[in-house]
$ cat protein_8.pdb   # PDB, C-alpha atoms
ATOM      1  CA  MET A   1      20.006  -5.826 -32.911
ATOM      2  CA  ASN A   2      22.479  -3.016 -32.350
ATOM      3  CA  CYS A   3      23.328  -1.492 -28.960
ATOM      4  CA  GLU A   4      21.203   1.614 -29.506
ATOM      5  CA  VAL A   5      18.068  -0.422 -30.190
ATOM      6  CA  PHE A   6      18.894  -2.661 -27.235
ATOM      7  CA  GLU A   7      19.182   0.318 -24.849
ATOM      8  CA  GLU A   8      15.928   1.806 -26.064
ATOM      9  CA  ARG A   9      14.035  -1.471 -25.645
ATOM     10  CA  TYR A  10      15.755  -2.305 -22.382
ATOM     11  CA  ASP A  11      14.700   1.062 -20.925
ATOM     12  CA  ARG A  12      11.114   0.371 -21.944
ATOM     13  CA  ALA A  13      11.087  -2.953 -20.077
ATOM     14  CA  GLU A  14      10.181  -3.089 -16.397
ATOM     15  CA  ASP A  15      13.134  -3.664 -14.080
ATOM     16  CA  GLY A  16      13.114  -7.231 -12.813
ATOM     17  CA  ALA A  17      10.757  -8.449 -15.558
ATOM     18  CA  LYS A  18      11.818 -11.297 -17.848
ATOM     19  CA  LEU A  19      13.601  -9.986 -20.938
ATOM     20  CA  SER A  20      12.408 -10.915 -24.406
ATOM     21  CA  PRO A  21      14.611 -13.554 -26.122
ATOM     22  CA  ALA A  22      16.071 -10.924 -28.489
ATOM     23  CA  LEU A  23      17.087  -8.627 -25.618
ATOM     24  CA  ALA A  24      18.457 -11.524 -23.576
ATOM     25  CA  LEU A  25      20.503 -12.721 -26.565
ATOM     26  CA  HIS A  26      22.020  -9.280 -27.166
ATOM     27  CA  LEU A  27      22.787  -8.905 -23.478
ATOM     28  CA  ALA A  28      24.543 -12.266 -23.429
ATOM     29  CA  ARG A  29      26.644 -11.429 -26.503
ATOM     30  CA  CYS A  30      27.501  -7.748 -25.916
ATOM     31  CA  PRO A  31      29.966  -7.046 -23.104
ATOM     32  CA  ARG A  32      29.451  -3.268 -23.420
ATOM     33  CA  CYS A  33      25.677  -3.485 -22.878
ATOM     34  CA  ALA A  34      26.126  -6.097 -20.147
ATOM     35  CA  ALA A  35      28.487  -3.709 -18.326
ATOM     36  CA  ARG A  36      26.023  -0.828 -18.678
ATOM     37  CA  VAL A  37      23.130  -2.922 -17.383
ATOM     38  CA  ASP A  38      25.283  -4.014 -14.470
ATOM     39  CA  LEU A  39      26.257  -0.400 -13.766
ATOM     40  CA  ARG A  40      22.597   0.656 -13.701
ATOM     41  CA  ARG A  41      21.744  -2.173 -11.288
ATOM     42  CA  ARG A  42      24.620  -1.114  -9.029
ATOM     43  CA  ALA A  43      23.649   2.564  -9.270
ATOM     44  CA  LEU A  44      20.081   1.817  -8.188
ATOM     45  CA  GLU A  45      21.295  -0.337  -5.298
ATOM     46  CA  LEU A  46      23.386   2.618  -4.135
ATOM     47  CA  TYR A  47      20.473   4.975  -4.697
ATOM     48  CA  ARG A  48      18.268   2.810  -2.465
ATOM     49  CA  LEU A  49      20.615   2.960   0.516
ATOM     50  CA  PRO A  50      18.420   3.378   3.581
ATOM     51  CA  GLY A  51      18.384   6.764   5.251
ATOM     52  CA  THR A  52      18.869   7.321   8.959
ATOM     53  CA  GLY A  53      15.313   8.444   9.685
ATOM     54  CA  PRO A  54      13.489   8.585  13.013
ATOM     55  CA  ASP A  55      11.798   5.612  14.704
ATOM     56  CA  ILE A  56       8.110   5.994  13.921
ATOM     57  CA  ALA A  57       7.087   2.604  15.347
ATOM     58  CA  SER A  58       7.492   3.629  19.005
ATOM     59  CA  ARG A  59       5.445   6.802  18.448
ATOM     60  CA  VAL A  60       2.697   4.834  16.709
ATOM     61  CA  LEU A  61       2.645   2.090  19.364
ATOM     62  CA  ALA A  62       2.280   4.724  22.077
ATOM     63  CA  ALA A  63      -0.817   6.120  20.326
ATOM     64  CA  LEU A  64      -2.569   2.769  19.709
ATOM     65  CA  PRO A  65      -4.189   2.371  23.187
ATOM     66  CA  PHE A  66      -6.104   5.616  22.570
ATOM     67  CA  LEU A  67      -7.483   4.523  19.192
ATOM     68  CA  PRO A  68     -10.587   2.449  18.445
ATOM     69  CA  ARG A  69      -9.588  -1.176  17.906
ATOM     70  CA  PRO A  70      -9.861  -2.227  14.259
ATOM     71  CA  HIS A  71     -11.966  -5.285  13.585
ATOM     72  CA  ARG A  72     -13.314  -6.964  10.507
ATOM     73  CA  SER A  73     -16.924  -6.054   9.852
ATOM     74  CA  VAL A  74     -19.468  -7.213   7.297
ATOM     75  CA  SER A  75     -20.532  -4.348   5.064
ATOM     76  CA  LEU A  76     -23.956  -2.775   5.544
ATOM     77  CA  ARG A  77     -24.906  -3.967   2.056
ATOM     78  CA  ASP A  78     -24.160  -7.590   3.009
ATOM     79  CA  TRP A  79     -26.200  -7.215   6.179
ATOM     80  CA  ILE A  80     -29.181  -5.891   4.220
ATOM     81  CA  LEU A  81     -28.861  -8.716   1.681
ATOM     82  CA  ALA A  82     -28.774 -11.296   4.477
ATOM     83  CA  GLY A  83     -31.850  -9.697   6.078
ATOM     84  CA  LEU A  84     -33.695  -9.733   2.750
ATOM     85  CA  ALA A  85     -32.780 -13.408   2.219
ATOM     86  CA  LEU A  86     -34.074 -14.234   5.700
ATOM     87  CA  SER A  87     -37.346 -12.378   5.109
ATOM     88  CA  ALA A  88     -37.778 -13.873   1.632
ATOM     89  CA  SER A  89     -37.341 -17.390   2.977
ATOM     90  CA  VAL A  90     -40.025 -16.833   5.625
ATOM     91  CA  ILE A  91     -42.422 -15.459   3.020
ATOM     92  CA  LEU A  92     -41.689 -18.113   0.412
ATOM     93  CA  VAL A  93     -41.625 -21.221   2.613
ATOM     94  CA  PRO A  94     -45.447 -21.293   3.141
ATOM     95  CA  ALA A  95     -45.883 -21.103  -0.621
ATOM     96  CA  GLN A  96     -43.862 -24.271  -1.160
ATOM     97  CA  ARG A  97     -45.564 -27.602  -1.838
ATOM     98  CA  VAL A  98     -43.543 -29.225   0.909
ATOM     99  CA  PHE A  99     -45.190 -26.828   3.366
ATOM    100  CA  SER A 100     -48.688 -28.158   2.555
ATOM    101  CA  LEU A 101     -47.396 -31.739   2.745
ATOM    102  CA  VAL A 102     -46.085 -31.067   6.258
ATOM    103  CA  ILE A 103     -49.411 -29.495   7.247
ATOM    104  CA  GLU A 104     -51.285 -32.559   5.923
ATOM    105  CA  GLU A 105     -48.992 -34.928   7.797
ATOM    106  CA  TYR A 106     -48.584 -33.177  11.143
ATOM    107  CA  GLY A 107     -51.396 -30.617  11.330
ATOM    108  CA  ASN A 108     -50.650 -27.287  12.945
ATOM    109  CA  ARG A 109     -48.679 -28.701  15.928
ATOM    110  CA  TRP A 110     -45.312 -27.850  14.418
ATOM    111  CA  MET A 111     -46.202 -24.192  13.868
ATOM    112  CA  LEU A 112     -45.057 -23.233  17.364
ATOM    113  CA  PRO A 113     -41.488 -24.574  16.881
ATOM    114  CA  PHE A 114     -41.416 -22.953  13.425
ATOM    115  CA  VAL A 115     -42.343 -19.557  14.860
ATOM    116  CA  LEU A 116     -39.822 -20.015  17.691
ATOM    117  CA  VAL A 117     -37.006 -20.865  15.246
ATOM    118  CA  PHE A 118     -37.965 -17.933  13.036
ATOM    119  CA  GLY A 119     -38.080 -15.606  16.045
ATOM    120  CA  LEU A 120     -34.687 -16.875  17.215
ATOM    121  CA  ALA A 121     -33.171 -16.296  13.755
ATOM    122  CA  VAL A 122     -34.523 -12.736  13.618
ATOM    123  CA  SER A 123     -33.265 -12.052  17.173
ATOM    124  CA  VAL A 124     -29.764 -13.369  16.387
ATOM    125  CA  PHE A 125     -29.669 -11.370  13.148
ATOM    126  CA  GLY A 126     -30.781  -8.206  14.950
ATOM    127  CA  ALA A 127     -28.349  -8.685  17.851
ATOM    128  CA  LEU A 128     -25.397  -9.287  15.510
ATOM    129  CA  PHE A 129     -26.365  -6.325  13.343
ATOM    130  CA  ILE A 130     -26.594  -3.961  16.309
ATOM    131  CA  GLY A 131     -23.450  -5.391  17.935
ATOM    132  CA  THR A 132     -21.334  -4.923  14.831
ATOM    133  CA  HIS A 133     -22.656  -1.458  13.959
ATOM    134  CA  MET A 134     -22.584   0.219  17.371
ATOM    135  CA  ASP A 135     -20.422   3.062  16.088
ATOM    136  CA  GLU A 136     -22.645   3.879  13.112
ATOM    137  CA  LEU A 137     -25.852   3.533  15.130
ATOM    138  CA  SER A 138     -24.570   5.728  17.960
ATOM    139  CA  GLY A 139     -23.678   8.337  15.337
ATOM    140  CA  LEU A 140     -27.231   8.114  13.939
ATOM    141  CA  VAL A 141     -28.850   8.790  17.318
ATOM    142  CA  GLY A 142     -26.663  11.836  17.795
ATOM    143  CA  ARG A 143     -24.165  10.763  20.483
ATOM    144  CA  PRO A 144     -20.866  12.538  19.699
ATOM    145  CA  ARG A 145     -18.076  10.064  18.913
ATOM    146  CA  GLU A 146     -14.878  10.259  20.874
ATOM    147  CA  LYS A 147     -12.069  11.837  18.898
ATOM    148  CA  PRO A 148      -9.054   9.494  18.658
ATOM    149  CA  ALA A 149      -6.188  10.774  20.789
ATOM    150  CA  ARG A 150      -2.787  11.193  19.150
TER     151      ARG A 150
ATOM    152  CA  MET B   1       4.678 -13.434  18.092
ATOM    153  CA  THR B   2       5.173  -9.919  16.751
ATOM    154  CA  GLU B   3       8.953  -9.688  16.450
ATOM    155  CA  ALA B   4       9.290 -12.424  13.784
ATOM    156  CA  PRO B   5      10.775 -10.897  10.635
ATOM    157  CA  GLY B   6       9.701 -13.894   8.511
ATOM    158  CA  VAL B   7       5.996 -13.510   9.286
ATOM    159  CA  PRO B   8       4.124 -12.242   6.192
ATOM    160  CA  ASP B   9       2.424  -8.851   6.431
ATOM    161  CA  GLU B  10      -0.999 -10.434   5.952
ATOM    162  CA  VAL B  11      -0.489 -12.639   9.032
ATOM    163  CA  LEU B  12       0.518  -9.598  11.080
ATOM    164  CA  VAL B  13      -2.607  -7.793   9.865
ATOM    165  CA  ALA B  14      -4.733 -10.762  11.013
ATOM    166  CA  GLN B  15      -2.984 -10.665  14.413
ATOM    167  CA  VAL B  16      -3.754  -6.956  14.795
ATOM    168  CA  LEU B  17      -7.402  -7.576  13.894
ATOM    169  CA  ASP B  18      -7.469 -10.347  16.522
ATOM    170  CA  GLY B  19      -6.493  -7.801  19.144
ATOM    171  CA  GLN B  20      -2.687  -8.038  19.159
ATOM    172  CA  ALA B  21      -1.953  -4.355  18.677
ATOM    173  CA  ALA B  22       1.786  -4.957  19.154
ATOM    174  CA  ALA B  23       1.875  -6.696  15.744
ATOM    175  CA  PHE B  24       1.203  -3.291  14.256
ATOM    176  CA  GLY B  25       4.545  -2.156  15.658
ATOM    177  CA  GLU B  26       6.265  -4.738  13.463
ATOM    178  CA  LEU B  27       4.256  -3.615  10.423
ATOM    179  CA  THR B  28       5.279  -0.023  11.145
ATOM    180  CA  ARG B  29       8.955  -0.942  11.498
ATOM    181  CA  ARG B  30       8.846  -2.776   8.160
ATOM    182  CA  HIS B  31       7.205   0.005   6.204
ATOM    183  CA  GLN B  32       8.136   3.253   7.968
ATOM    184  CA  ARG B  33      10.992   3.900   5.538
ATOM    185  CA  ARG B  34       8.550   3.827   2.617
ATOM    186  CA  VAL B  35       6.120   6.236   4.280
ATOM    187  CA  LEU B  36       8.876   8.524   5.544
ATOM    188  CA  ARG B  37      10.367   8.721   2.070
ATOM    189  CA  ILE B  38       7.050   9.913   0.624
ATOM    190  CA  GLY B  39       6.819  12.399   3.507
ATOM    191  CA  TYR B  40      10.317  13.721   2.783
ATOM    192  CA  GLY B  41       9.406  14.185  -0.863
ATOM    193  CA  PHE B  42       6.188  16.098  -0.284
ATOM    194  CA  PHE B  43       7.070  18.119   2.828
ATOM    195  CA  ARG B  44      10.885  18.423   2.471
ATOM    196  CA  ASN B  45      11.260  18.788   6.205
ATOM    197  CA  PRO B  46      12.287  15.919   8.549
ATOM    198  CA  GLU B  47       9.902  16.877  11.384
ATOM    199  CA  ASP B  48       6.896  17.297   9.089
ATOM    200  CA  ALA B  49       7.772  14.017   7.362
ATOM    201  CA  ALA B  50       7.906  12.194  10.716
ATOM    202  CA  ASP B  51       4.526  13.656  11.762
ATOM    203  CA  PHE B  52       3.144  12.701   8.361
ATOM    204  CA  ALA B  53       4.454   9.132   8.700
ATOM    205  CA  GLN B  54       2.869   8.823  12.146
ATOM    206  CA  ASP B  55      -0.476  10.103  10.812
ATOM    207  CA  VAL B  56      -0.371   7.676   7.890
ATOM    208  CA  MET B  57       0.360   4.689  10.131
ATOM    209  CA  ILE B  58      -2.466   5.663  12.483
ATOM    210  CA  LYS B  59      -4.828   6.037   9.521
ATOM    211  CA  ALA B  60      -3.727   2.608   8.317
ATOM    212  CA  TYR B  61      -4.364   1.132  11.789
ATOM    213  CA  THR B  62      -7.877   2.517  12.079
ATOM    214  CA  ALA B  63      -8.701   1.416   8.510
ATOM    215  CA  LEU B  64      -7.029  -1.982   8.811
ATOM    216  CA  ALA B  65     -10.316  -3.891   8.688
ATOM    217  CA  THR B  66     -10.819  -2.619   5.141
ATOM    218  CA  PHE B  67      -7.578  -4.267   3.995
ATOM    219  CA  ARG B  68      -8.817  -7.389   2.170
ATOM    220  CA  GLY B  69      -5.507  -8.596   0.796
ATOM    221  CA  ALA B  70      -6.403  -7.909  -2.847
ATOM    222  CA  ALA B  71      -3.166  -5.894  -3.141
ATOM    223  CA  LYS B  72       0.027  -6.245  -1.105
ATOM    224  CA  PHE B  73      -0.059  -4.509   2.281
ATOM    225  CA  SER B  74       2.809  -2.272   1.153
ATOM    226  CA  THR B  75       0.811  -1.125  -1.907
ATOM    227  CA  TRP B  76      -2.293  -0.515   0.218
ATOM    228  CA  LEU B  77      -0.224   1.509   2.689
ATOM    229  CA  THR B  78       1.453   3.467  -0.107
ATOM    230  CA  ARG B  79      -1.988   4.382  -1.446
ATOM    231  CA  ILE B  80      -2.958   5.795   1.974
ATOM    232  CA  ALA B  81       0.348   7.689   2.170
ATOM    233  CA  TYR B  82      -0.004   9.058  -1.353
ATOM    234  CA  ASN B  83      -3.604  10.239  -0.875
ATOM    235  CA  THR B  84      -2.784  11.793   2.494
ATOM    236  CA  ALA B  85       0.259  13.580   1.099
ATOM    237  CA  ILE B  86      -1.527  14.868  -1.996
ATOM    238  CA  ASN B  87      -4.285  16.335   0.203
ATOM    239  CA  GLU B  88      -1.913  17.882   2.723
ATOM    240  CA  ALA B  89       0.871  19.165   0.483
ATOM    241  CA  ARG B  90      -1.094  21.093  -2.123
ATOM    242  CA  ARG B  91       0.885  24.245  -1.470
ATOM    243  CA  LYS B  92       4.233  22.549  -2.145
ATOM    244  CA  PRO B  93       4.371  21.986  -5.871
ATOM    245  CA  ARG B  94       7.714  20.176  -6.005
ATOM    246  CA  TYR B  95       8.492  16.603  -4.896
ATOM    247  CA  ASP B  96      12.076  16.226  -3.722
ATOM    248  CA  PRO B  97      12.867  13.571  -1.093
ATOM    249  CA  LEU B  98      16.577  13.850  -1.867
ATOM    250  CA  GLU B  99      16.711  17.282  -0.312
ATOM    251  CA  VAL B 100      16.146  15.886   3.187
ATOM    252  CA  ASP B 101      16.453  12.064   3.222
ATOM    253  CA  PRO B 102      19.583  11.592   5.320
ATOM    254  CA  VAL B 103      21.849   8.884   3.835
ATOM    255  CA  ASP B 104      25.287   8.312   5.298
ATOM    256  CA  THR B 105      27.618   7.687   2.341
ATOM    257  CA  ARG B 106      30.937   8.093   4.207
ATOM    258  CA  GLU B 107      31.626   4.366   4.193
ATOM    259  CA  LEU B 108      31.133   3.990   0.445
ATOM    260  CA  ALA B 109      34.104   3.550  -1.869
ATOM    261  CA  PRO B 110      34.859   6.762  -3.827
ATOM    262  CA  GLU B 111      33.699   5.175  -7.085
ATOM    263  CA  ASP B 112      30.410   4.051  -5.537
ATOM    264  CA  ARG B 113      29.910   7.484  -4.023
ATOM    265  CA  HIS B 114      30.455   9.032  -7.466
ATOM    266  CA  ILE B 115      27.968   6.638  -9.089
ATOM    267  CA  ARG B 116      25.432   7.400  -6.367
ATOM    268  CA  GLU B 117      25.877  11.147  -6.802
ATOM    269  CA  GLU B 118      25.336  10.870 -10.575
ATOM    270  CA  THR B 119      22.256   8.716 -10.017
ATOM    271  CA  VAL B 120      20.817  11.103  -7.447
ATOM    272  CA  ALA B 121      21.444  14.076  -9.756
ATOM    273  CA  ALA B 122      19.842  12.353 -12.764
ATOM    274  CA  LEU B 123      16.755  11.205 -10.901
ATOM    275  CA  ARG B 124      16.442  14.518  -9.109
ATOM    276  CA  LYS B 125      16.450  16.267 -12.462
ATOM    277  CA  ALA B 126      13.862  13.826 -13.812
ATOM    278  CA  MET B 127      11.652  14.437 -10.752
ATOM    279  CA  GLY B 128      12.157  18.185 -10.951
ATOM    280  CA  ASP B 129      10.773  18.200 -14.493
ATOM    281  CA  LEU B 130       7.459  16.729 -13.307
ATOM    282  CA  PRO B 131       4.571  17.929 -11.102
ATOM    283  CA  GLN B 132       4.790  16.329  -7.636
ATOM    284  CA  LYS B 133       1.950  13.856  -8.241
ATOM    285  CA  TYR B 134       3.953  12.281 -11.093
ATOM    286  CA  ALA B 135       7.399  12.779  -9.577
ATOM    287  CA  VAL B 136       6.455  10.560  -6.660
ATOM    288  CA  CYS B 137       5.837   7.750  -9.176
ATOM    289  CA  LEU B 138       9.532   7.885 -10.112
ATOM    290  CA  ASP B 139      10.483   7.515  -6.467
ATOM    291  CA  MET B 140       8.072   4.622  -6.066
ATOM    292  CA  TYR B 141       9.739   2.918  -9.028
ATOM    293  CA  PHE B 142      13.413   3.701  -8.498
ATOM    294  CA  TYR B 143      13.632   3.982  -4.711
ATOM    295  CA  LEU B 144      10.813   1.843  -3.357
ATOM    296  CA  GLY B 145      11.197  -0.769  -6.109
ATOM    297  CA  MET B 146       7.471  -0.930  -6.859
ATOM    298  CA  LYS B 147       6.143  -2.441 -10.091
ATOM    299  CA  TYR B 148       4.189  -0.373 -12.629
ATOM    300  CA  GLY B 149       0.941  -2.099 -11.616
ATOM    301  CA  GLU B 150       1.541  -1.428  -7.930
ATOM    302  CA  ILE B 151       2.271   2.254  -8.577
ATOM    303  CA  SER B 152      -0.903   2.462 -10.624
ATOM    304  CA  GLU B 153      -2.891   0.902  -7.748
ATOM    305  CA  ALA B 154      -1.365   3.303  -5.235
ATOM    306  CA  THR B 155      -1.793   6.502  -7.258
ATOM    307  CA  GLY B 156      -4.653   5.781  -9.631
ATOM    308  CA  PHE B 157      -2.603   6.784 -12.705
ATOM    309  CA  PRO B 158      -2.765   4.583 -15.811
ATOM    310  CA  VAL B 159       0.165   2.186 -16.158
ATOM    311  CA  ASN B 160       1.106   3.720 -19.510
ATOM    312  CA  THR B 161       1.437   7.197 -17.984
ATOM    313  CA  ILE B 162       3.757   5.830 -15.303
ATOM    314  CA  LYS B 163       5.742   3.841 -17.874
ATOM    315  CA  SER B 164       6.293   6.901 -19.983
ATOM    316  CA  HIS B 165       7.594   9.011 -17.057
ATOM    317  CA  VAL B 166       9.839   6.171 -15.886
ATOM    318  CA  PHE B 167      11.164   5.695 -19.420
ATOM    319  CA  ARG B 168      12.194   9.358 -19.625
ATOM    320  CA  ALA B 169      13.882   9.119 -16.233
ATOM    321  CA  LYS B 170      15.744   6.006 -17.358
ATOM    322  CA  ARG B 171      17.057   7.936 -20.337
ATOM    323  CA  GLU B 172      18.358  10.664 -17.992
ATOM    324  CA  LEU B 173      19.924   7.986 -15.838
ATOM    325  CA  ARG B 174      21.496   6.244 -18.819
ATOM    326  CA  ALA B 175      23.056   9.509 -19.990
ATOM    327  CA  ALA B 176      24.341  10.311 -16.485
ATOM    328  CA  LEU B 177      25.835   6.866 -15.981
ATOM    329  CA  GLY B 178      27.381   7.019 -19.472
ATOM    330  CA  ALA B 179      29.085  10.242 -18.439
ATOM    331  CA  ALA B 180      30.158   8.647 -15.156
ATOM    332  CA  GLU B 181      31.698   5.767 -17.124
ATOM    333  CA  VAL B 182      33.667   8.224 -19.220
ATOM    334  CA  ASP B 183      34.793  10.116 -16.103
ATOM    335  CA  ALA B 184      35.945   6.941 -14.343
TER     336      ALA B 184
END
$ encode --input "protein_8.pdb" --output "structure tokens"
Amino acid sequence: MNCEVFEERYDRAEDGAKLSPALALHLARCPRCAARVDLRRRALELYRLPGTGPDIASRVLAALPFLPRPHRSVSLRDWILAGLALSASVILVPAQRVFSLVIEEYGNRWMLPFVLVFGLAVSVFGALFIGTHMDELSGLVGRPREKPAR
Amino acid sequence: MTEAPGVPDEVLVAQVLDGQAAAFGELTRRHQRRVLRIGYGFFRNPEDAADFAQDVMIKAYTALATFRGAAKFSTWLTRIAYNTAINEARRKPRYDPLEVDPVDTRELAPEDRHIREETVAALRKAMGDLPQKYAVCLDMYFYLGMKYGEISEATGFPVNTIKSHVFRAKRELRAALGAAEVDA
């Protein structure tokens, strides 16, 4: 490989990426190309010298208390899927064979705890859904949202 | 807990989401240079760039819960900065951070200063030949040290488009540094 081909291929490679064996071999054997590569590395180091810009962090930190706190939230789609899974399980459980076996064994006495557990699950789901979507729900009922202060 | 330079960005993000807003100060300190640089390039005015950087960091804070860690925090932040800048700087067709980014080169050796000047001139020319939305890709590569894939994630341009612009800029740089070698 001559120097011209090397330079062309070297320029096409991403800086910092591993060189192909042919490029690495030429670089190891050719002092001229090695010097040029070294010069480019040095030039880019000099180019990246940090500027003396303003301190943004203090301005941003001063604004944070006036902004809504970010928090992880489950997407609306995931909430709907979870709700559908909950509903489907309630509908499908009575259709299962195990359901009739339980009825045969224990009669209808266990229906009350079943309904209580189901009611509790629906209540928890509803409370979590409302609690984690207060912003969206308040927007839906028309309450104007506070504009973040700067 | 927020002044530790060795703490990864993702841990700081988790701290902010747990209510430690001060951790966001450390994230801002780490990445403000990157955001400011993009602001300098699009707005070419130090005050506008500082306002832009503040807006971007506040946008990042309010959207922090959407950061899932699929990309690096710096790439995610660069994407916010890029989209914000593109929307706000439509009337300024040229991208030129070098016009306003203040770098103190007085302490450099004369040879290093010369090399830097040649590099700045070559890359400035390469950026000047491109519309701003592509010119910023050169800055992301040469100044911010981002990989092709990261630039693509931040801007939405195909990797091959970015590669081809960077390749042309490298040719400019090679010619300029060749001339600098001859001069030296």
$ closest_residue --input "protein_8.pdb" --among "B:Asp48, B:Glu117, B:Glu99, B:Glu107" --to "chain A" --atoms "all atoms listed in the file"
B:Glu117
$ closest_residue --input "protein_8.pdb" --among "B:Arg79, B:Arg94, B:Lys147, B:His165" --to "chain A" --atoms "all atoms listed in the file"
B:Lys147
$ interface_residues --input "protein_8.pdb" --of "chain A" --to "chain B" --cutoff "12 Å" --atoms "all atoms listed in the file" --output "VMD selection string"
chain A and resid 4 7 to 17 32 to 33 35 to 75 148 to 150
$ atom_distance --input "protein_8.pdb" --atom1 "atom CA of Phe118 of chain A" --atom2 "atom CA of Ile130 of chain A"
18.3 Å
$ residues_around --input "protein_8.pdb" --residues "Glu150 of chain B" --least-positions-apart "6" --cutoff "10 Å" --atoms "all atoms listed in the file" --output "list of chain:residue names"
B:Ala71, B:Lys72, B:Ser74, B:Thr75, B:Trp76, B:Thr78, B:Arg79, B:Met140, B:Tyr141, B:Gly156, B:Val159
$ atom_distance --input "protein_8.pdb" --atom1 "atom CA of Arg77 of chain A" --atom2 "atom CA of Leu12 of chain B"
27.6 Å
$ residues_near_point --input "protein_8.pdb" --point "(7.8, 17.6, -5.0)" --cutoff "7 Å" --atoms "all atoms listed in the file" --output "number ranges by chain"
B: 41-42, 92-96, 131-132, 135
$ resolve_selection --input "protein_8.pdb" --expression "the PyMOL selection byres ((chain A and resi 85-92) around 12)" --output "MDAnalysis selection string"
chainID A and resid 78:84 93:99 114:115 117:126
$ write_last_selection --input "protein_8.pdb" --atoms "C-alpha atoms" --output "PDB file, in the frame of the given file"
ATOM      1  CA  ASP A  78     -24.160  -7.590   3.009  1.00  0.00           C
ATOM      2  CA  TRP A  79     -26.200  -7.215   6.179  1.00  0.00           C
ATOM      3  CA  ILE A  80     -29.181  -5.891   4.220  1.00  0.00           C
ATOM      4  CA  LEU A  81     -28.861  -8.716   1.681  1.00  0.00           C
ATOM      5  CA  ALA A  82     -28.774 -11.296   4.477  1.00  0.00           C
ATOM      6  CA  GLY A  83     -31.850  -9.697   6.078  1.00  0.00           C
ATOM      7  CA  LEU A  84     -33.695  -9.733   2.750  1.00  0.00           C
ATOM      8  CA  VAL A  93     -41.625 -21.221   2.613  1.00  0.00           C
ATOM      9  CA  PRO A  94     -45.447 -21.293   3.141  1.00  0.00           C
ATOM     10  CA  ALA A  95     -45.883 -21.103  -0.621  1.00  0.00           C
ATOM     11  CA  GLN A  96     -43.862 -24.271  -1.160  1.00  0.00           C
ATOM     12  CA  ARG A  97     -45.564 -27.602  -1.838  1.00  0.00           C
ATOM     13  CA  VAL A  98     -43.543 -29.225   0.909  1.00  0.00           C
ATOM     14  CA  PHE A  99     -45.190 -26.828   3.366  1.00  0.00           C
ATOM     15  CA  PHE A 114     -41.416 -22.953  13.425  1.00  0.00           C
ATOM     16  CA  VAL A 115     -42.343 -19.557  14.860  1.00  0.00           C
ATOM     17  CA  VAL A 117     -37.006 -20.865  15.246  1.00  0.00           C
ATOM     18  CA  PHE A 118     -37.965 -17.933  13.036  1.00  0.00           C
ATOM     19  CA  GLY A 119     -38.080 -15.606  16.045  1.00  0.00           C
ATOM     20  CA  LEU A 120     -34.687 -16.875  17.215  1.00  0.00           C
ATOM     21  CA  ALA A 121     -33.171 -16.296  13.755  1.00  0.00           C
ATOM     22  CA  VAL A 122     -34.523 -12.736  13.618  1.00  0.00           C
ATOM     23  CA  SER A 123     -33.265 -12.052  17.173  1.00  0.00           C
ATOM     24  CA  VAL A 124     -29.764 -13.369  16.387  1.00  0.00           C
ATOM     25  CA  PHE A 125     -29.669 -11.370  13.148  1.00  0.00           C
ATOM     26  CA  GLY A 126     -30.781  -8.206  14.950  1.00  0.00           C
TER      27      GLY A 126
END
$ axis_aligned_box --input "protein_8.pdb" --around "segment 85-102 of chain B" --padding-each-side "3 Å" --output "lines of an AutoDock Vina configuration file"
center_x = 7.6
center_y = 17.9
center_z = -0.3
size_x = 29.9
size_y = 18.7
size_z = 17.3
